[in-house]
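Structure first, then comments.
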Amino acid sequence: MKKLLLAAAALAACIGMNAQTSQARNEFSVGYSQFTVLEGAYLFGGIFGAAFSLGHFTFDNTVMTGALSLEYHHFTNDWFGYGGLVAAEYITSDSYSVDGDGNKTPNGKYNMGLASAAPLAIGKWLRREKFNLYSKLAAGVGLTFDGQVIPFFQVSPLCIDFGPGQGWNGFVETGFGMQGLVTAGIKKKF
């Protein structure tokens, strides 16, 4: 009888292990973000530049691309994963001096680009068949297009992915950092 129970327990464990390995353990995602730290620094710089120059300095024709990111996640179990991300973002605008009569004189072009790479950790704290709630933390380095190395960070406490589970799914992440306040995109689970 003990041998039969031991065999049944071993079979149940094997079936459970097989069910675990058939779940998606890897994810690849493409996301687009807005309201990044780089955008915030640009906006505050423009506000303070205009304030401290008493209105004799301004930006115009501003283009902010937002951040585009690629991520890979590998899950060691149902709730914890790790991986990495690469992200890029670009901001450009024309800068002007403004005289007392309001006439603008071009000063040149302001260009700021950032390419970043960072390892990340992900924790799924609510797992369902059609959606997951999770949090993400990433820290690494960014390289500006003029060669400066700056720290990269992203704290995303409230994130959701939704879809059929395996295959293609959508996601939305809220947080703070170089990826921005809001990131949305698609991910492939395999």
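Letters for chains follow the order of the structure tokens (A, B, ...), residue numbers begin at 1 for each chain, and ligand numbers begin at 1 in the order shown.
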Practice item. Check chain A with DSSP on the backbone and list each residue it calls strand (DSSP E or B), as a PyMOL selection string. Key: chain A and resi 26-34+57-75+80-98+104-127+131-144+149-162+167-177+182-189
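Those residues that approach Thr36 in chain A to within 10 Å, counting only C-alpha atoms, are Ala41, Tyr42, Gly66, Ala67, Glu89, Gln154, Gly175, Phe176, Gly177, Met178, Gln179, Gly180, Leu181, Val182 and Thr183 of chain A; same-chain residues fewer than 5 positions away are not listed.
Picture a line from CA of Phe145 in chain A to CA of Leu38 in chain A; it runs 13.0 Å.
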Item to complete: Extract, using only C-alpha atoms, all DNA, RNA and protein residues at most 12 Å from Arg127 in chain A, discarding same-chain residues fewer than 2 positions from it, and format them as number ranges by chain.
Response: A: 77-80, 123-125, 129-134, 159-162, 165
Generate the output file for the selected residues, C-alpha atoms, as a CSV table (one decimal), in the first residue's frame.
```csv
chain,number,residue,atom,x,y,z
A,77,ASN,CA,8.4,30.4,-11.1
A,78,ASP,CA,4.8,31.7,-11.4
A,79,TRP,CA,5.4,35.0,-9.7
A,80,PHE,CA,9.1,36.1,-10.1
A,123,GLY,CA,6.9,40.3,-9.6
A,124,LYS,CA,3.4,39.0,-10.4
A,125,TRP,CA,1.2,39.5,-7.4
A,129,GLU,CA,-5.9,33.1,-16.8
A,130,LYS,CA,-6.7,36.2,-18.8
A,131,PHE,CA,-4.7,38.9,-16.9
A,132,ASN,CA,-1.9,39.5,-14.4
A,133,LEU,CA,-1.1,42.3,-12.1
A,134,TYR,CA,2.6,42.9,-11.5
A,159,CYS,CA,1.1,47.0,-14.2
A,160,ILE,CA,-1.4,44.8,-16.0
A,161,ASP,CA,-1.1,42.4,-18.9
A,162,PHE,CA,-4.2,41.0,-20.5
A,165,GLY,CA,-2.3,33.9,-21.7
```
The residue from A:His74, A:Leu85, A:Met112, A:Gln166 with the smallest atom-to-atom distance to Gly140 in chain A, counting only C-alpha atoms, is A:Leu85
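Proximity of A:Val37, A:Leu143, A:Leu68, A:Ala184 to Ala117 in chain A, computed with only C-alpha atoms, is greatest for A:Leu143.
Between Gly167 in chain A and the residues A:Thr62, A:Tyr82, A:Phe28, A:Lys189, the shortest atom-to-atom distance, using only C-alpha atoms, involves A:Lys189.
Counting only C-alpha atoms, the residue from A:Leu126, A:Val98, A:Ala138, A:Ala87 that sits nearest to Gly113 in chain A is A:Ala87.
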Excluding same-chain residues fewer than 4 positions from Ala121 in chain A, what lies within 9 Å of it counting only C-alpha atoms, as a PyMOL selection string? chain A and resi 73+80-84+135-138
Export C-alpha atoms of the chosen residues as a compact mmCIF listing (two decimals), in the first residue's frame?
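again23.txt, written as the output of this step:
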```txt
# COMPACT_ATOMS: atom_id res chain seq x y z
CA HIS A 73 11.58 38.58 -19.12
CA PHE A 80 9.09 36.09 -10.09
CA GLY A 81 10.98 36.98 -13.24
CA TYR A 82 14.09 38.85 -14.33
CA GLY A 83 15.43 40.12 -17.61
CA GLY A 84 16.55 43.26 -19.31
CA SER A 135 5.28 45.31 -10.45
CA LYS A 136 8.59 46.05 -12.16
CA LEU A 137 11.90 47.56 -11.05
CA ALA A 138 14.79 48.40 -13.39
```
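Contact shell of Ser97 in chain A at 9 Å (only C-alpha atoms; same-chain neighbours under 5 positions omitted): Gly55, His56, Phe57, Thr58, Phe59, Asn103, Lys104, Thr105, Pro106 and Asn107 of chain A.
One finds CA of Asp60 in chain A at 5.9 Å from CA of Ser93 in chain A.
Picture a line from CA of Tyr110 in chain A to CA of Val141 in chain A; it runs 22.2 Å.
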Judged by only C-alpha atoms, the minimum distance to Gly40 in chain A among A:Thr76, A:Gln148, A:Arg25, A:Met64 is found for A:Met64
